[in-house]
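What follows is a set of notes on a single structure, which appears directly below.
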Amino acid sequence: MIKLFRNIRKKLLEQGKTANYLKYAIGEIILVVIGILIALSINNWNENRKEENRLLNIYSLIFIDMENDKKQLIKNLEFNNERQPVFKKVLHDSITPELLDQGLSRLLGNNSRTVLNKTGVNQLRELQNKDSLTLKIINIYDIMENTMLNIENRISNEVRDHSDYMRDHYDWYPEWINNTIMQDVGSYELHNYFLNDKFYRNRLISVYQQTYNNYVPLIIYSIETLTNLQKELGSILNKTK
């Protein structure tokens with residue numbers, strides 16, 4: 001093709017048709033520019049297609065991550081909801097021996113722990129072009145990681161500090177560690193601490209406030225938000241099948 005154009009230009013020059021040669025040269029330049037633009041458009045289309053496919057693959061991964069995270073959050077919510085009635089009785093100063101059978105001595109013995117699945121969302125963060133759905137996904141994971149998990153960690157620190165306090169101050173600590181404390185299980189000194197000690201009650205109230213005023217509402221919000229985002233993801237993924 002290049003050889004053909006060269007021959008045409010040569011004949012025009014030999015024939016002294018300068019005007020025609022200039023018109024031809026301009027036309028040839030235009031054709032070259034059009035060819036370049038077409039090549040760039042095809043390249044951009046291919047790149048955009050690759051980016052779309054990459055995004056869909058990430059969305060598929062995030063859909064699964066969200067499902068696993070929701071299951072974990074629902075489990076944490078159920079765990080805290082089960083303990084709330086006992087917490088409320090402590091809050092309202094209605095502590096009775098019957099509460100030992102309902103787990104009074106274990107309210108600061110353990111707490112829910114969350115490990116978020118962030119492989120997909122971390123890949124989203126690396127994308128230069130972020131659509132509205134991508135931004136919403138990143139936002140909810142930022143909230144869960146930077147707010148919800150921070151509260152969870154503070155509660156965990158309270159639980160750990162209290163366990164260390166009992167270990168360092170009370171002889172009945174091994175008894176508490178090795179048994180499920182109930183009305184008919186545990187020494188008098190151990191029972192007396194959980195039923196009457198103001199320090200323990202104040203710790204419980206502090207954990208109650210952090211858990212049910214801050215942590216649990218964030219769990220509920222996160223579950224609802226992840227559910228809605230999964231619906232959006234599902235709609236997009238189904239259209240590509």
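Following the order of the structure tokens, chains are lettered A, B, ..., residues in each are numbered from 1, and ligands are numbered from 1.
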Taking 5 positions as the minimum chain separation for residues in the same chain, which residues sit within 9 Å of A:Ile181 when counting only C-alpha atoms? Answer as an MDAnalysis selection string.
chainID A and resid 100:101 103:106 175:176 186 190:191
Return as a Markdown table the residues of stretch 69-156 of chain A lying at most 9 Å from stretch 214-225 of chain A, together with the closest atom-to-atom pair for each and the distance in Å to one decimal, counting only C-alpha atoms, with rows in chain order and ascending residue number.
| residue | atom | partner | partner_atom | distance |
| --- | --- | --- | --- | --- |
| A:Asp69 | CA | A:Ile223 | CA | 8.6 |
| A:Lys70 | CA | A:Ile223 | CA | 5.8 |
| A:Lys71 | CA | A:Ile223 | CA | 8.9 |
| A:Leu73 | CA | A:Ile219 | CA | 6.3 |
| A:Ile74 | CA | A:Ile223 | CA | 7.4 |
| A:Asn76 | CA | A:Ile219 | CA | 8.1 |
| A:Leu77 | CA | A:Val216 | CA | 6.6 |
| A:Asn80 | CA | A:Val216 | CA | 7.7 |
| A:Asn81 | CA | A:Val216 | CA | 8.7 |
| A:Ile140 | CA | A:Ser222 | CA | 7.0 |
| A:Tyr141 | CA | A:Ser222 | CA | 8.6 |
| A:Ile143 | CA | A:Ser222 | CA | 8.4 |
| A:Met144 | CA | A:Ser222 | CA | 7.1 |
| A:Thr147 | CA | A:Leu218 | CA | 8.4 |
| A:Met148 | CA | A:Tyr215 | CA | 6.1 |
| A:Leu149 | CA | A:Tyr215 | CA | 8.5 |
| A:Ile151 | CA | A:Tyr215 | CA | 6.2 |
| A:Glu152 | CA | A:Tyr215 | CA | 6.9 |
Using only C-alpha atoms, which of the listed residues (A:Asn68, A:Ser156, A:Lys136, A:Arg125) sits closest to A:Arg113?
A:Ser156
I'd like the interatomic distance between atom CA of A:Lys118 and atom CA of A:Ser60, to a tenth of an Å.
13.1 Å
For a quick check of understanding, using only C-alpha atoms, which of A:Glu98, A:Asp131, A:Asp171, A:Asp161 has the smallest distance to A:Val86?
A:Glu98
Give me every alpha helix (DSSP H) residue in stretch 39-195 of chain A, going by DSSP on the backbone, as a PyMOL selection string.
chain A and resi 39-91+98-101+119-126+132-143+149-169+173-178+188-195
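Of the residues under consideration (A:Phe87, A:Tyr170, A:Thr180, A:Asn111), A:Tyr170 shows the shortest atom-to-atom contact distance to A:Asn192 when counting only C-alpha atoms.
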Nearest-residue call for A:Val207, choices A:Glu158, A:Asp142, A:Glu82, A:Asp65, using only C-alpha atoms:
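Ranking A:Glu158, A:Asp142, A:Glu82, A:Asp65 by distance to A:Val207, first place goes to A:Glu158.
For the pair atom CA of A:Met66 and atom CA of A:Asn150, the interatomic distance is 19.6 Å.
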Correct to one decimal, the distance atom CA of A:Gln128-atom CA of A:Val115 is 26.7 Å
Have a look at A:His162, A:Lys88, A:Lys231, A:Lys239 and name the one nearest to A:Phe63; count only C-alpha atoms.
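So, comparing all the options, the nearest one is A:Lys231.
The closest residue to A:Leu204, picked from A:Asn153, A:Asn57, A:Gln84, A:Asn117 and counting only C-alpha atoms, is A:Gln84.
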If we count only C-alpha atoms and set the cut-off at 12 Å, which residues sit around A:Leu61, ignoring sequence neighbours fewer than 5 positions away in its own chain? Please answer as a list in words.
Arg54, Leu55, Leu56, Met66, Glu67, Asn68, Asn117, Lys118, Thr119, Gly120, Val121, Asn122, Gln123, Leu124, Gln230, Leu233, Gly234 and Leu237 of chain A
May I have the selected residues written with N, CA and C atoms, as an mmCIF file, in the first residue's frame?
data_model
loop_
_atom_site.group_PDB
_atom_site.id
_atom_site.type_symbol
_atom_site.label_atom_id
_atom_site.label_comp_id
_atom_site.auth_asym_id
_atom_site.auth_seq_id
_atom_site.Cartn_x
_atom_site.Cartn_y
_atom_site.Cartn_z
ATOM 1 N N ARG A 54 -12.449 -6.699 34.392
ATOM 2 C CA ARG A 54 -11.760 -6.735 35.686
ATOM 3 C C ARG A 54 -12.719 -6.314 36.804
ATOM 4 N N LEU A 55 -13.491 -5.255 36.537
ATOM 5 C CA LEU A 55 -14.440 -4.772 37.540
ATOM 6 C C LEU A 55 -15.490 -5.832 37.845
ATOM 7 N N LEU A 56 -15.987 -6.509 36.815
ATOM 8 C CA LEU A 56 -16.994 -7.556 37.029
ATOM 9 C C LEU A 56 -16.416 -8.708 37.847
ATOM 10 N N MET A 66 -19.062 -10.229 50.833
ATOM 11 C CA MET A 66 -20.172 -9.622 51.572
ATOM 12 C C MET A 66 -21.050 -10.682 52.229
ATOM 13 N N GLU A 67 -21.281 -11.762 51.524
ATOM 14 C CA GLU A 67 -22.110 -12.830 52.088
ATOM 15 C C GLU A 67 -21.465 -13.409 53.342
ATOM 16 N N ASN A 68 -20.163 -13.645 53.278
ATOM 17 C CA ASN A 68 -19.447 -14.175 54.437
ATOM 18 C C ASN A 68 -19.407 -13.162 55.582
ATOM 19 N N ASN A 117 -13.681 -9.726 55.308
ATOM 20 C CA ASN A 117 -13.081 -10.223 54.069
ATOM 21 C C ASN A 117 -12.868 -9.034 53.142
ATOM 22 N N LYS A 118 -11.630 -8.596 52.985
ATOM 23 C CA LYS A 118 -11.357 -7.339 52.287
ATOM 24 C C LYS A 118 -10.580 -7.517 50.988
ATOM 25 N N THR A 119 -10.445 -8.741 50.504
ATOM 26 C CA THR A 119 -9.680 -8.950 49.268
ATOM 27 C C THR A 119 -10.298 -8.182 48.108
ATOM 28 N N GLY A 120 -11.600 -8.315 47.938
ATOM 29 C CA GLY A 120 -12.279 -7.647 46.835
ATOM 30 C C GLY A 120 -12.276 -6.137 46.961
ATOM 31 N N VAL A 121 -12.602 -5.633 48.144
ATOM 32 C CA VAL A 121 -12.677 -4.177 48.311
ATOM 33 C C VAL A 121 -11.297 -3.541 48.183
ATOM 34 N N ASN A 122 -10.253 -4.254 48.573
ATOM 35 C CA ASN A 122 -8.897 -3.724 48.396
ATOM 36 C C ASN A 122 -8.542 -3.614 46.918
ATOM 37 N N GLN A 123 -9.034 -4.534 46.110
ATOM 38 C CA GLN A 123 -8.818 -4.441 44.660
ATOM 39 C C GLN A 123 -9.599 -3.264 44.077
ATOM 40 N N LEU A 124 -10.774 -2.994 44.627
ATOM 41 C CA LEU A 124 -11.549 -1.838 44.179
ATOM 42 C C LEU A 124 -10.796 -0.537 44.433
ATOM 43 N N GLN A 230 -25.503 -5.910 47.865
ATOM 44 C CA GLN A 230 -25.510 -7.214 47.201
ATOM 45 C C GLN A 230 -26.584 -7.277 46.121
ATOM 46 N N LEU A 233 -25.183 -5.444 43.171
ATOM 47 C CA LEU A 233 -24.161 -6.277 42.536
ATOM 48 C C LEU A 233 -24.790 -7.432 41.770
ATOM 49 N N GLY A 234 -25.775 -8.067 42.389
ATOM 50 C CA GLY A 234 -26.445 -9.194 41.755
ATOM 51 C C GLY A 234 -27.110 -8.787 40.459
ATOM 52 N N LEU A 237 -24.306 -8.335 37.832
ATOM 53 C CA LEU A 237 -23.689 -9.616 37.466
ATOM 54 C C LEU A 237 -24.637 -10.481 36.650
#
